[in-house]
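First up is the structure itself, then whatever we jot down about it.
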Amino acid sequence: MDETTKDTSKVPPTTTAEGLRVCKTCGASAQYSYYGAIACRSCKTFFRRNAEKPSTSLKCNYNGNCEIDFNSRRTCSYCRLVKCFANGMSIDMIRAPQTAKHNKDENKTSTSTALVRINEPPLIPTLNLLRADLSTLSVDQWNQISNIVHSFDEYSGLPFIQNFMDEQNALPPKFRFKYTSVNNFYTLMMTNVQLSFEKNRDLLSISIHDRNTLLRHTVEYTTGIGVACVLRQTLLLDQPTFFESTELIFQPSAVALIKRLVNQLDPDIPLMKMTCAVVAFMISNYTNYSDISIDNLTNAKEIIRIQDVYTDLIWRYLLYKHSSHEAIVYFSNLIRCLFLVNDSVVEAHKARQYTDIMESVIGSTERKIISQS
């Protein structure tokens, strides 16, 4: 099907919000929704050509962790196709070409591209990510996942992280990752991570009072998991000088737990970002370390409902990617990660530098909340 052919899967955007005028996969200019997600013509064509090829084996040389944008979208077809699906693009929404060959085969079970990650740990086999008939997620739920992932990517300061690494690598080795620069790095990164969740539509739907209460109650957990995701992607803790400066900020005992957390995190980055969203609505004192009272929430029932929605979203996402038994294993690992976050927070509270960073993050976020009201 060429680009001039009328495409019934093309849907005009329902809003004029600036954030929806770019391709959800690569960030290029986009006007319409194709196959369930806002997409540019290039990604639309790429998805249509690759989503249903039964014999194609796409490979990623970086364990599926490539950042896909306008400049890099042609460098890794594996990660580009996975991102298309993560953003809500669906095989079911591809208008089948009206050919005799298709009519002859239309009753056959559709298969999709087999994706192979190089050096993927062989601990738990993964089902074909692109099997449409295994999907337990609706288009709206894929859109929810897309919103969480892209809100994190857009507001968590990823360009800042890259600039920090470039600046440090440009310095002579003995001047790299000194305490002051690393302390400023953590402060800004944690602030950006928290602000990314303040853009969450469900969080914006509750009262400012409840948002501020949740902020103080969960900030150490949302930023803890978010920072661990970044550290896993960047491998910064493998830099000896960075590691030493981190120990000065968080205490050696806390850093040892953070290192365990980074190693134990699921390599599925969208999954970990969804976990952060669940934690952002956590109000139980039994599962986190906090001296902030949450008894005065004005609408605790709604907050619990929202958290349940995100928890269900994670479970459906896991069932989409894995068998039931394997989904349980992955979900159990998320719980273990939350315990590690809890333990690391308890240890980090012994360091004045850490509490100063958290107060700075809270102050910046509260000012942002007030400015939006």
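Numbering starts fresh at 1 for the residues of each chain in the structure tokens, the chains themselves are lettered A, B, ... in the order given, and ligands are numbered from 1 as they appear.
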
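The shell of residues at most 8 Å from Gln264 of chain A, with only C-alpha atoms counted and near chain neighbours (fewer than 2 positions) removed, consists of Arg260, Leu261, Val262, Asp266, Asn333 and Cys337 of chain A.
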
Selection from above, all heavy atoms, as a PDB file, in the first residue's frame, can you write it?
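again.pdb written:
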```
ATOM      1  N   ARG A 260      22.756  -3.174  44.455  1.00  0.00           N
ATOM      2  CA  ARG A 260      21.959  -4.394  44.326  1.00  0.00           C
ATOM      3  C   ARG A 260      20.662  -4.120  43.572  1.00  0.00           C
ATOM      4  O   ARG A 260      20.232  -4.916  42.741  1.00  0.00           O
ATOM      5  CB  ARG A 260      21.648  -4.966  45.707  1.00  0.00           C
ATOM      6  CG  ARG A 260      22.796  -5.688  46.382  1.00  0.00           C
ATOM      7  CD  ARG A 260      22.377  -6.177  47.753  1.00  0.00           C
ATOM      8  NE  ARG A 260      21.183  -7.031  47.667  1.00  0.00           N
ATOM      9  CZ  ARG A 260      20.458  -7.389  48.733  1.00  0.00           C
ATOM     10  NH1 ARG A 260      20.804  -6.963  49.942  1.00  0.00           N
ATOM     11  NH2 ARG A 260      19.409  -8.170  48.571  1.00  0.00           N
ATOM     12  N   LEU A 261      20.042  -2.985  43.892  1.00  0.00           N
ATOM     13  CA  LEU A 261      18.797  -2.617  43.215  1.00  0.00           C
ATOM     14  C   LEU A 261      19.022  -2.428  41.722  1.00  0.00           C
ATOM     15  O   LEU A 261      18.249  -2.936  40.893  1.00  0.00           O
ATOM     16  CB  LEU A 261      18.234  -1.330  43.825  1.00  0.00           C
ATOM     17  CG  LEU A 261      17.032  -0.697  43.122  1.00  0.00           C
ATOM     18  CD1 LEU A 261      15.825  -1.629  43.164  1.00  0.00           C
ATOM     19  CD2 LEU A 261      16.691   0.646  43.759  1.00  0.00           C
ATOM     20  N   VAL A 262      20.079  -1.703  41.361  1.00  0.00           N
ATOM     21  CA  VAL A 262      20.379  -1.456  39.948  1.00  0.00           C
ATOM     22  C   VAL A 262      20.589  -2.781  39.214  1.00  0.00           C
ATOM     23  O   VAL A 262      20.102  -2.972  38.090  1.00  0.00           O
ATOM     24  CB  VAL A 262      21.627  -0.551  39.816  1.00  0.00           C
ATOM     25  CG1 VAL A 262      22.107  -0.505  38.373  1.00  0.00           C
ATOM     26  CG2 VAL A 262      21.315   0.850  40.319  1.00  0.00           C
ATOM     27  N   ASP A 266      14.522  -4.940  36.473  1.00  0.00           N
ATOM     28  CA  ASP A 266      14.179  -5.577  35.207  1.00  0.00           C
ATOM     29  C   ASP A 266      14.742  -4.741  34.061  1.00  0.00           C
ATOM     30  O   ASP A 266      14.623  -3.508  34.067  1.00  0.00           O
ATOM     31  CB  ASP A 266      12.654  -5.688  35.084  1.00  0.00           C
ATOM     32  CG  ASP A 266      12.233  -6.656  34.001  1.00  0.00           C
ATOM     33  OD1 ASP A 266      12.491  -6.336  32.822  1.00  0.00           O
ATOM     34  OD2 ASP A 266      11.663  -7.703  34.320  1.00  0.00           O
ATOM     35  N   ASN A 333       9.746 -10.140  41.338  1.00  0.00           N
ATOM     36  CA  ASN A 333      11.007  -9.402  41.317  1.00  0.00           C
ATOM     37  C   ASN A 333      10.777  -7.913  41.552  1.00  0.00           C
ATOM     38  O   ASN A 333      11.584  -7.247  42.216  1.00  0.00           O
ATOM     39  CB  ASN A 333      11.727  -9.606  39.985  1.00  0.00           C
ATOM     40  CG  ASN A 333      13.082  -8.929  39.957  1.00  0.00           C
ATOM     41  OD1 ASN A 333      13.980  -9.282  40.709  1.00  0.00           O
ATOM     42  ND2 ASN A 333      13.228  -7.927  39.089  1.00  0.00           N
ATOM     43  N   CYS A 337      12.409  -5.584  44.449  1.00  0.00           N
ATOM     44  CA  CYS A 337      13.049  -4.289  44.171  1.00  0.00           C
ATOM     45  C   CYS A 337      12.509  -3.199  45.090  1.00  0.00           C
ATOM     46  O   CYS A 337      13.260  -2.343  45.573  1.00  0.00           O
ATOM     47  CB  CYS A 337      12.825  -3.900  42.709  1.00  0.00           C
ATOM     48  SG  CYS A 337      13.792  -4.856  41.514  1.00  0.00           S
TER      49      CYS A 337
END
```

If you count only C-alpha atoms, the residue of A:Leu204, A:Leu236, A:Leu319, A:Ile328 closest to Ile306 of chain A turns out to be A:Leu204

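If you measure from each of A:Ser245, A:Leu257, A:Phe281, A:Phe185 to His217 of chain A using only C-alpha atoms, the closest one turns out to be A:Phe281.
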
Counting only C-alpha atoms, closest pick from A:Ala39, A:Ile145, A:Leu214, A:Ile68 relative to Asn299 of chain A is A:Leu214

Atomic distance atom CA of Met89 of chain A - atom CA of Phe47 of chain A, expressed in Å with one decimal:
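Pair atom CA of Met89 of chain A / atom CA of Phe47 of chain A returns 8.2 Å.
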
May I have the residues within 12 Å of Gln307 of chain A as a list of chain:residue names, using only C-alpha atoms and disregarding those fewer than 4 positions away in the same chain?
A:Asp202, A:Leu203, A:Met274, A:Thr275, A:Cys276, A:Ala277, A:Val278, A:Val279, A:Ala280, A:Phe281, A:Met282, A:Ile283, A:Ser284, A:Ala300, A:Lys301, A:Glu302, A:Ile303, A:Thr311, A:Asp312, A:Leu313, A:Ile314

Please produce a file of the residues just selected, as a compact mmCIF listing (two decimals), in the first residue's frame, where the atoms kept are C-alpha atoms.
```
# COMPACT_ATOMS: atom_id res chain seq x y z
CA ASP A 202 -4.17 11.13 37.16
CA LEU A 203 -1.98 13.03 39.59
CA MET A 274 5.20 1.99 35.23
CA THR A 275 6.37 0.75 38.62
CA CYS A 276 7.34 4.32 39.49
CA ALA A 277 3.78 5.40 38.61
CA VAL A 278 2.36 2.80 41.00
CA VAL A 279 4.67 4.00 43.78
CA ALA A 280 3.68 7.63 43.15
CA PHE A 281 0.18 6.78 44.45
CA MET A 282 1.32 4.66 47.41
CA ILE A 283 -0.36 5.63 50.67
CA SER A 284 0.42 2.61 52.88
CA ALA A 300 -7.77 8.48 49.66
CA LYS A 301 -10.31 6.22 47.96
CA GLU A 302 -9.65 7.78 44.55
CA ILE A 303 -5.90 7.56 45.04
CA THR A 311 -0.95 -2.15 39.15
CA ASP A 312 -3.42 -3.91 36.86
CA LEU A 313 -1.70 -2.28 33.88
CA ILE A 314 1.65 -3.76 34.94
```
